[in-house]
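Right, one structure below, let's go through it.
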Amino acid sequence: MKKLAFFMLSALPIVAFANPNGHQLPSFMTPEAQIDLKGTITPKCAASTHGQQDLKLSVLGKRGPQKVTALAVYCNVREGAKISFDSANDGYLQGDADPADKIQYTATWNDMDILDETEKRDMSDWGHGKNFLFAPLVKVTPRVTGLEYAGTYTDTITVKVFPN
């Protein structure tokens, strides 16, 4: 009995280094292995009003600029980014009751008049690191004369951000 127990204990280390089928390990198996890791981050440029799509001006007759929303812009490309703004009504708040009713307005963001220029603006020199500009406010100043009809006036400004 003692001989059988001794034989079984001495065979254990050998079994640990063999594969389950009892065959020799393949020749490509070595004491060292490498795992190469590689990933890709796709280029992305984006703008966000932080979920505030439908923004309201408090009172159209109010003097001075009204702070409407924060606009954050991000672009993760090394060559920088450009931003463009487009007003659906060419810089006018249009009356819901009659499209002929219009109120001109100005809008600024990061000290830029976003309705005056139709060119795309280069953001690469803004100095905010990796072209992320943290949410300056969009300010809107309606040019109300006092002769406008009562009602609701609207416009949509589309913001596009893209690599240089």
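In the structure tokens, chains take the letters A, B, ... in the order shown, each chain's residues start at 1, and ligands count up from 1 in the order shown.
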
| request: List the neighbours of Phe85 in chain A out to 7 Å using only C-alpha atoms; skip same-chain residues closer than 6 positions along the sequence, and give me the result as a ChimeraX atom specification. | output: /A:114,157-160

Exercise for review: Excluding range 136-150 of chain A and any residue of its chain fewer than 2 positions from it, enumerate the residues within 7 Å of it, using only C-alpha atoms, and give them as a list of chain:residue names.
Suggested key: A:Leu60, A:Gly61, A:Gly64, A:Pro65, A:Gln66, A:Lys67, A:Val68, A:Thr69, A:Ala70, A:Leu71, A:Ala72, A:Ile103, A:Gln104, A:Tyr105, A:Thr106, A:Ala107, A:Thr108, A:Trp109, A:Asn110, A:Phe134

Which polymer residues have any atom within 8 Å of an atom of Gly151 in chain A, counting only C-alpha atoms, with same-chain residues fewer than 3 positions away left out, as a PyMOL selection string? chain A and resi 95-97

Next, dump the selected residues to file, keeping only all heavy atoms, as an mmCIF file, in the first residue's frame.
data_model
loop_
_atom_site.group_PDB
_atom_site.id
_atom_site.type_symbol
_atom_site.label_atom_id
_atom_site.label_comp_id
_atom_site.auth_asym_id
_atom_site.auth_seq_id
_atom_site.Cartn_x
_atom_site.Cartn_y
_atom_site.Cartn_z
ATOM 1 N N GLY A 95 -42.756 85.901 -36.826
ATOM 2 C CA GLY A 95 -44.022 85.750 -36.129
ATOM 3 C C GLY A 95 -44.702 84.428 -36.454
ATOM 4 O O GLY A 95 -44.768 84.027 -37.614
ATOM 5 N N ASP A 96 -45.221 83.749 -35.420
ATOM 6 C CA ASP A 96 -45.921 82.485 -35.645
ATOM 7 C C ASP A 96 -47.266 82.716 -36.329
ATOM 8 O O ASP A 96 -47.713 81.892 -37.125
ATOM 9 C CB ASP A 96 -46.139 81.750 -34.321
ATOM 10 C CG ASP A 96 -44.855 81.115 -33.792
ATOM 11 O OD1 ASP A 96 -43.845 81.108 -34.535
ATOM 12 O OD2 ASP A 96 -44.856 80.641 -32.645
ATOM 13 N N ALA A 97 -47.918 83.849 -36.033
ATOM 14 C CA ALA A 97 -49.236 84.134 -36.618
ATOM 15 C C ALA A 97 -49.121 84.528 -38.086
ATOM 16 O O ALA A 97 -49.950 84.141 -38.910
ATOM 17 C CB ALA A 97 -49.936 85.238 -35.827
#

Excluding Asp155 in chain A and any residue of its chain fewer than 3 positions from it, enumerate the residues within 9 Å of it, using only C-alpha atoms, and give them as an MDAnalysis selection string. chainID A and resid 87:94

Measuring between only C-alpha atoms, which one of A:Lys102, A:Asn76, A:Phe28, A:Leu57 shows the shortest distance to Thr42 in chain A?
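Going through A:Lys102, A:Asn76, A:Phe28, A:Leu57 one by one, the smallest distance to Thr42 in chain A is for A:Asn76.
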
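Taking only C-alpha atoms into account, Ala46 in chain A lies nearest to A:Pro163 out of the set A:Pro163, A:Pro26, A:Pro31, A:Pro99.
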
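One finds CA of Pro43 in chain A at 14.0 Å from CA of Val73 in chain A.
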
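Our summary of the geometry notes that CA of Cys75 in chain A is positioned 8.8 Å from CA of Ala47 in chain A.
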